[in-house]
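Here is run.cif, consisting of mmCIF, C-alpha atoms:
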data_input
loop_
_atom_site.group_PDB
_atom_site.id
_atom_site.type_symbol
_atom_site.label_atom_id
_atom_site.label_comp_id
_atom_site.auth_asym_id
_atom_site.auth_seq_id
_atom_site.Cartn_x
_atom_site.Cartn_y
_atom_site.Cartn_z
ATOM 1 C CA MET A 12 8.979 19.078 -5.988
ATOM 2 C CA THR A 13 11.229 19.980 -3.093
ATOM 3 C CA ASN A 14 10.209 21.137 0.354
ATOM 4 C CA ARG A 15 11.840 24.465 -0.494
ATOM 5 C CA THR A 16 9.489 24.970 -3.454
ATOM 6 C CA LEU A 17 6.489 24.540 -1.186
ATOM 7 C CA ASP A 18 8.009 26.786 1.528
ATOM 8 C CA GLN A 19 8.479 29.567 -1.034
ATOM 9 C CA LEU A 20 5.098 29.054 -2.676
ATOM 10 C CA LEU A 21 3.254 29.151 0.657
ATOM 11 C CA SER A 22 5.115 32.181 1.990
ATOM 12 C CA THR A 23 4.555 33.988 -1.334
ATOM 13 C CA LEU A 24 0.804 33.314 -1.122
ATOM 14 C CA ALA A 25 0.644 34.252 2.589
ATOM 15 C CA ASP A 26 0.517 37.925 1.577
ATOM 16 C CA PRO A 27 -2.989 39.299 0.807
ATOM 17 C CA THR A 28 -1.743 41.763 -1.866
ATOM 18 C CA ARG A 29 0.010 38.973 -3.732
ATOM 19 C CA ARG A 30 -3.084 36.738 -3.498
ATOM 20 C CA ALA A 31 -5.220 39.613 -4.804
ATOM 21 C CA ILE A 32 -2.895 39.888 -7.825
ATOM 22 C CA ILE A 33 -3.290 36.142 -8.499
ATOM 23 C CA GLU A 34 -7.080 36.436 -8.045
ATOM 24 C CA ARG A 35 -7.166 39.167 -10.705
ATOM 25 C CA LEU A 36 -4.829 37.372 -13.122
ATOM 26 C CA VAL A 37 -6.862 34.132 -13.183
ATOM 27 C CA GLU A 38 -9.373 36.269 -15.120
ATOM 28 C CA GLY A 39 -6.758 37.133 -17.750
ATOM 29 C CA PRO A 40 -3.611 39.246 -18.259
ATOM 30 C CA ALA A 41 -3.539 42.815 -16.914
ATOM 31 C CA PRO A 42 -1.119 45.777 -16.899
ATOM 32 C CA VAL A 43 0.677 46.607 -13.616
ATOM 33 C CA LYS A 44 -1.207 49.906 -13.423
ATOM 34 C CA GLU A 45 -4.594 48.148 -13.406
ATOM 35 C CA LEU A 46 -3.368 45.583 -10.864
ATOM 36 C CA ALA A 47 -2.077 48.317 -8.554
ATOM 37 C CA ALA A 48 -5.246 50.466 -8.690
ATOM 38 C CA PRO A 49 -7.292 48.692 -5.936
ATOM 39 C CA HIS A 50 -4.367 48.743 -3.495
ATOM 40 C CA ASP A 51 -3.689 51.660 -1.196
ATOM 41 C CA MET A 52 0.070 51.353 -1.608
ATOM 42 C CA ALA A 53 2.961 53.336 -3.112
ATOM 43 C CA LEU A 54 3.881 52.014 -6.571
ATOM 44 C CA PRO A 55 7.441 50.941 -5.557
ATOM 45 C CA SER A 56 6.004 48.776 -2.754
ATOM 46 C CA PHE A 57 3.469 47.298 -5.146
ATOM 47 C CA LEU A 58 6.199 46.588 -7.707
ATOM 48 C CA GLN A 59 8.091 44.631 -5.054
ATOM 49 C CA HIS A 60 5.124 42.251 -4.804
ATOM 50 C CA ILE A 61 5.104 41.895 -8.611
ATOM 51 C CA GLU A 62 8.844 41.097 -8.493
ATOM 52 C CA VAL A 63 8.376 38.473 -5.769
ATOM 53 C CA LEU A 64 5.601 36.809 -7.780
ATOM 54 C CA GLU A 65 7.730 36.859 -10.932
ATOM 55 C CA SER A 66 10.924 35.628 -9.252
ATOM 56 C CA ARG A 67 8.954 32.675 -7.847
ATOM 57 C CA HIS A 68 7.433 31.938 -11.262
ATOM 58 C CA LEU A 69 3.833 32.583 -10.227
ATOM 59 C CA ILE A 70 3.493 35.250 -12.913
ATOM 60 C CA ARG A 71 5.290 36.409 -16.064
ATOM 61 C CA THR A 72 5.599 40.048 -17.061
ATOM 62 C CA ARG A 73 6.271 41.551 -20.490
ATOM 63 C CA LYS A 74 6.798 45.126 -21.556
ATOM 64 C CA ILE A 75 4.375 46.158 -24.315
ATOM 65 C CA GLY A 76 4.978 49.779 -25.315
ATOM 66 C CA ARG A 77 4.889 51.788 -22.092
ATOM 67 C CA GLN A 78 2.950 49.168 -20.158
ATOM 68 C CA ARG A 79 4.168 46.156 -18.228
ATOM 69 C CA MET A 80 1.666 43.358 -18.789
ATOM 70 C CA CYS A 81 1.337 40.575 -16.213
ATOM 71 C CA MET A 82 0.167 37.020 -16.901
ATOM 72 C CA LEU A 83 -0.462 34.111 -14.559
ATOM 73 C CA GLU A 84 1.709 30.993 -14.575
ATOM 74 C CA PRO A 85 -1.072 28.688 -13.393
ATOM 75 C CA LEU A 86 1.116 25.562 -13.239
ATOM 76 C CA ALA A 87 3.024 27.193 -10.383
ATOM 77 C CA LEU A 88 0.115 26.435 -8.040
ATOM 78 C CA LEU A 89 0.233 22.702 -8.817
ATOM 79 C CA PRO A 90 2.738 21.696 -6.072
ATOM 80 C CA LEU A 91 0.401 23.169 -3.449
ATOM 81 C CA GLU A 92 -2.691 21.527 -4.960
ATOM 82 C CA GLY A 93 -0.749 18.241 -5.015
ATOM 83 C CA TRP A 94 0.284 18.571 -1.374
ATOM 84 C CA LEU A 95 -3.283 19.324 -0.245
ATOM 85 C CA ASP A 96 -4.661 16.429 -2.332
ATOM 86 C CA ARG A 97 -2.205 14.003 -0.733
ATOM 87 C CA GLN A 98 -3.153 15.135 2.784
ATOM 88 C CA ARG A 99 -6.865 14.800 1.951
ATOM 89 C CA ARG A 100 -6.422 11.322 0.417
ATOM 90 C CA MET A 101 -4.426 10.082 3.423
ATOM 91 C CA TRP A 102 -6.968 11.565 5.829
ATOM 92 C CA GLU A 103 -9.928 10.034 3.988
ATOM 93 C CA ARG A 104 -8.207 6.644 3.878
ATOM 94 C CA GLN A 105 -7.660 6.962 7.630
ATOM 95 C CA LEU A 106 -11.348 7.835 8.167
ATOM 96 C CA GLY A 107 -12.345 4.898 5.952
ATOM 97 C CA GLN A 108 -10.273 2.507 8.066
ATOM 98 C CA LEU A 109 -11.751 3.963 11.261
ATOM 99 C CA ALA A 110 -15.293 3.563 9.888
ATOM 100 C CA ALA A 111 -14.554 -0.032 8.806
ATOM 101 C CA GLY A 112 -13.118 -0.724 12.266
ATOM 102 C CA MET A 113 -16.193 0.704 13.984
ATOM 103 C CA GLU A 114 -18.485 -1.334 11.743
ATOM 104 C CA THR A 115 -16.611 -4.547 12.589
ATOM 105 C CA GLY A 116 -16.744 -3.514 16.253
ATOM 106 C CA SER A 117 -20.486 -2.917 16.086
ATOM 107 C CA ARG A 118 -21.054 -6.285 14.352
ATOM 108 C CA ILE A 119 -19.140 -8.011 17.133
ATOM 109 C CA GLU A 120 -21.173 -6.025 19.663
ATOM 110 C CA THR A 121 -24.471 -7.011 17.959
ATOM 111 C CA ARG A 122 -23.504 -10.676 17.927
ATOM 112 C CA ARG A 123 -22.771 -10.483 21.650
ATOM 113 C CA LEU A 124 -26.222 -9.062 22.452
ATOM 114 C CA MET B 18 -13.338 33.198 5.718
ATOM 115 C CA THR B 19 -11.282 36.354 6.129
ATOM 116 C CA ASN B 20 -8.093 37.266 4.342
ATOM 117 C CA ARG B 21 -6.383 37.065 7.733
ATOM 118 C CA THR B 22 -7.394 33.409 8.141
ATOM 119 C CA LEU B 23 -5.729 32.560 4.829
ATOM 120 C CA ASP B 24 -2.639 34.672 5.664
ATOM 121 C CA GLN B 25 -2.200 32.765 8.917
ATOM 122 C CA LEU B 26 -2.945 29.370 7.393
ATOM 123 C CA LEU B 27 -0.453 29.881 4.558
ATOM 124 C CA SER B 28 2.313 31.230 6.797
ATOM 125 C CA THR B 29 1.734 28.369 9.243
ATOM 126 C CA LEU B 30 2.099 25.817 6.434
ATOM 127 C CA ALA B 31 5.138 27.595 4.922
ATOM 128 C CA ASP B 32 7.326 25.885 7.539
ATOM 129 C CA PRO B 33 8.578 22.386 6.573
ATOM 130 C CA THR B 34 8.555 21.087 10.167
ATOM 131 C CA ARG B 35 4.913 22.112 10.605
ATOM 132 C CA ARG B 36 3.981 20.521 7.264
ATOM 133 C CA ALA B 37 5.774 17.328 8.317
ATOM 134 C CA ILE B 38 3.655 17.255 11.503
ATOM 135 C CA ILE B 39 0.466 17.609 9.414
ATOM 136 C CA GLU B 40 1.715 14.902 7.008
ATOM 137 C CA ARG B 41 2.164 12.532 9.948
ATOM 138 C CA LEU B 42 -1.156 13.393 11.608
ATOM 139 C CA VAL B 43 -3.247 12.719 8.484
ATOM 140 C CA GLU B 44 -2.352 9.081 9.200
ATOM 141 C CA GLY B 45 -3.842 9.300 12.693
ATOM 142 C CA PRO B 46 -3.161 10.792 16.148
ATOM 143 C CA ALA B 47 0.365 10.626 17.593
ATOM 144 C CA PRO B 48 2.154 11.642 20.806
ATOM 145 C CA VAL B 49 4.460 14.705 20.676
ATOM 146 C CA LYS B 50 7.457 12.448 21.349
ATOM 147 C CA GLU B 51 6.799 10.370 18.224
ATOM 148 C CA LEU B 52 6.186 13.499 16.133
ATOM 149 C CA ALA B 53 9.447 15.060 17.322
ATOM 150 C CA ALA B 54 11.596 11.967 16.698
ATOM 151 C CA PRO B 55 12.371 12.522 12.955
ATOM 152 C CA HIS B 56 13.353 16.170 13.526
ATOM 153 C CA ASP B 57 16.863 17.206 14.444
ATOM 154 C CA MET B 58 15.630 19.908 16.808
ATOM 155 C CA ALA B 59 15.640 20.671 20.543
ATOM 156 C CA LEU B 60 12.312 19.735 22.148
ATOM 157 C CA PRO B 61 11.428 23.332 23.189
ATOM 158 C CA SER B 62 11.802 24.487 19.550
ATOM 159 C CA PHE B 63 9.694 21.567 18.371
ATOM 160 C CA LEU B 64 7.034 22.359 20.991
ATOM 161 C CA GLN B 65 6.817 25.899 19.615
ATOM 162 C CA HIS B 66 5.757 24.439 16.255
ATOM 163 C CA ILE B 67 3.126 22.325 18.040
ATOM 164 C CA GLU B 68 1.874 25.448 19.814
ATOM 165 C CA VAL B 69 1.650 27.425 16.560
ATOM 166 C CA LEU B 70 -0.319 24.599 14.928
ATOM 167 C CA GLU B 71 -2.640 24.364 17.927
ATOM 168 C CA SER B 72 -3.161 28.125 18.293
ATOM 169 C CA ARG B 73 -4.146 28.286 14.611
ATOM 170 C CA HIS B 74 -6.538 25.338 15.027
ATOM 171 C CA LEU B 75 -4.700 23.014 12.645
ATOM 172 C CA ILE B 76 -4.264 20.435 15.408
ATOM 173 C CA ARG B 77 -5.693 19.643 18.842
ATOM 174 C CA THR B 78 -3.623 18.268 21.699
ATOM 175 C CA ARG B 79 -4.724 16.370 24.770
ATOM 176 C CA LYS B 80 -2.780 15.136 27.750
ATOM 177 C CA ILE B 81 -3.223 11.389 28.309
ATOM 178 C CA GLY B 82 -1.204 10.256 31.336
ATOM 179 C CA ARG B 83 2.319 11.501 30.750
ATOM 180 C CA GLN B 84 1.916 11.897 27.021
ATOM 181 C CA ARG B 85 0.574 14.794 25.007
ATOM 182 C CA MET B 86 -1.399 13.338 22.102
ATOM 183 C CA CYS B 87 -1.858 15.376 18.914
ATOM 184 C CA MET B 88 -4.751 15.083 16.468
ATOM 185 C CA LEU B 89 -5.392 16.783 13.149
ATOM 186 C CA GLU B 90 -8.198 19.306 12.663
ATOM 187 C CA PRO B 91 -8.662 18.519 8.977
ATOM 188 C CA LEU B 92 -11.373 21.156 8.417
ATOM 189 C CA ALA B 93 -8.734 23.818 9.060
ATOM 190 C CA LEU B 94 -7.289 23.177 5.584
ATOM 191 C CA LEU B 95 -10.647 23.866 3.879
ATOM 192 C CA PRO B 96 -10.185 27.650 3.402
ATOM 193 C CA LEU B 97 -6.993 27.003 1.445
ATOM 194 C CA GLU B 98 -8.571 24.231 -0.636
ATOM 195 C CA GLY B 99 -11.477 26.600 -1.327
ATOM 196 C CA TRP B 100 -9.176 29.418 -2.416
ATOM 197 C CA LEU B 101 -7.217 27.156 -4.766
ATOM 198 C CA ASP B 102 -10.436 25.699 -6.218
ATOM 199 C CA ARG B 103 -11.773 29.181 -6.950
ATOM 200 C CA GLN B 104 -8.550 30.197 -8.722
ATOM 201 C CA ARG B 105 -8.593 26.986 -10.785
ATOM 202 C CA ARG B 106 -12.271 27.407 -11.752
ATOM 203 C CA MET B 107 -11.756 31.038 -12.800
ATOM 204 C CA TRP B 108 -8.646 30.109 -14.764
ATOM 205 C CA GLU B 109 -10.375 27.203 -16.529
ATOM 206 C CA ARG B 110 -13.359 29.403 -17.386
ATOM 207 C CA GLN B 111 -10.918 31.940 -18.830
ATOM 208 C CA LEU B 112 -9.199 29.195 -20.887
ATOM 209 C CA GLY B 113 -12.614 27.963 -22.073
ATOM 210 C CA GLN B 114 -13.538 31.439 -23.272
ATOM 211 C CA LEU B 115 -10.177 31.805 -25.021
ATOM 212 C CA ALA B 116 -10.638 28.434 -26.749
ATOM 213 C CA ALA B 117 -14.194 29.369 -27.811
ATOM 214 C CA GLY B 118 -12.876 32.692 -29.134
ATOM 215 C CA MET B 119 -10.128 30.977 -31.129
ATOM 216 C CA GLU B 120 -12.635 28.489 -32.584
ATOM 217 C CA THR B 121 -14.940 31.310 -33.704
ATOM 218 C CA GLY B 122 -11.889 33.102 -35.129
ATOM 219 C CA SER B 123 -10.797 30.020 -37.060
ATOM 220 C CA ARG B 124 -14.359 29.494 -38.449
ATOM 221 C CA ILE B 125 -14.375 33.091 -39.701
ATOM 222 C CA GLU B 126 -10.911 32.508 -41.149
ATOM 223 C CA THR B 127 -12.087 29.299 -42.908
ATOM 224 C CA ARG B 128 -15.124 31.053 -44.389
ATOM 225 C CA ARG B 129 -12.855 33.754 -45.777
ATOM 226 C CA LEU B 130 -10.629 31.261 -47.602
#
Hey, can you dump this file as structure tokens for me?
Amino acid sequence: MTNRTLDQLLSTLADPTRRAIIERLVEGPAPVKELAAPHDMALPSFLQHIEVLESRHLIRTRKIGRQRMCMLEPLALLPLEGWLDRQRRMWERQLGQLAAGMETGSRIETRRL
Amino acid sequence: MTNRTLDQLLSTLADPTRRAIIERLVEGPAPVKELAAPHDMALPSFLQHIEVLESRHLIRTRKIGRQRMCMLEPLALLPLEGWLDRQRRMWERQLGQLAAGMETGSRIETRRL
């Protein structure tokens, strides 16, 4: 995973309309019309969000009859989950070392008393 | 957590320099000078990234003598971890239901044969 992938993924998700689309699609595929309904937005503007999500491989779309169906590409979120996991692991290791250091310090302190 | 919190958090993290600062600070506090060293960037531009991170509560800074020390605020990443966890749980539940549906379907199919 490149830095650019994460840049694009994070900036794509930084938009509340696009996150709302993801939040709906984790429950299963849906047609564009249904996805657009809760948003107070002209359809062309909404379609731009769909295009951004598709171009960045967060969703797939497929024309079925007159409807455009949208489906989640859940693996697309993995680079972000991986990045967050790494930060958490490093941070917890750091806390563990601090705690161990404080324990050693307090043992030394106790011996001195 | 508001939508605005997540918008800001995601757009803050969408910058590779700001992520690199976080990646360094999960290993422990560091002075601005050390954080800036790996980046080919004028100090005022780098300081703007520090200010963005501080204003959005991802880091704290503290002047110690002539140095400005930076520390991570690891709880600031929690809203994003929470959002991702919710999407993953919903998606896995959806997959579970699909799998259960396919199993039922295949049992019916088997009975028919």
Problem set entry | Polymer residues at most 6 Å from range 32-49 of chain B, all atoms listed in the file, same-chain spacing of 5 or more positions, as JSON, numbers by chain | {"A": [101, 102, 105], "B": [85, 86, 87, 88, 89]}
Problem set entry | Residue members of the PyMOL selection byres ((chain B and resi 100) around 12) in the file shown, as an NGL selection string | (:A and (24 or 30-31 or 33-34 or 37 or 88 or 91-92 or 95)) or (:B and (18-20 or 22-24 or 26-27 or 94-99 or 101-107))
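Note that the spacing between CA of Arg73 in chain B and CA of Ala93 in chain B amounts to 8.5 Å.
Take CA of Ile67 in chain B and CA of Arg104 in chain A: the distance between them is 24.0 Å.
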For this session: Would you work out the distance separating CA of Leu64 in chain B from CA of Lys50 in chain B, expressed in Å to one decimal?
Result: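 Result for CA of Leu64 in chain B versus CA of Lys50 in chain B: 9.9 Å, one decimal.
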Exercise. Using all atoms listed in the file, which residue out of A:Leu46, A:Ala111, A:Leu86, A:Ile75 lies closest to chain B?
Worked result: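 Of all the options, A:Leu86 lies closest to chain B.
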Padding 3 Å on each side, edges along x, y and z: where is the centre of the box around the listed atoms of range 74-85 of chain A, and how long are its edges in Å to one decimal? Output it as AutoDock Vina command-line options.
--center_x 2.9 --center_y 40.2 --center_z -19.4 --size_x 13.9 --size_y 29.1 --size_z 17.9
Problem set entry | For Ser66 in chain A, the nearest of the candidates A:Gln108, A:Met52, A:Glu84, A:Glu45, counting all atoms listed in the file |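 Using all atoms listed in the file, the shortest distance to Ser66 in chain A belongs to A:Glu84.
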Problem set entry | Counting all atoms listed in the file, the option among B:Ala59, B:Pro91, B:Arg124, B:Arg77 closest to Leu106 in chain A | B:Pro91
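Comparing the minimum interatomic distances between chain A and each of B:Glu68, B:Asp57, B:Glu109, B:Glu120, counting only C-alpha atoms, we find that B:Glu109 sits nearest.
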Exercise. Taking into account only C-alpha atoms, which residue in the set B:Ile76, B:Gln65, B:Leu115, B:Ala53 is nearest to chain A?
Worked result: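 For chain A, the nearest of the candidates is B:Leu115.
With distances restricted to all atoms listed in the file, A:Ala25 is the closest residue to chain B from A:Phe57, A:His50, A:Arg15, A:Ala25.
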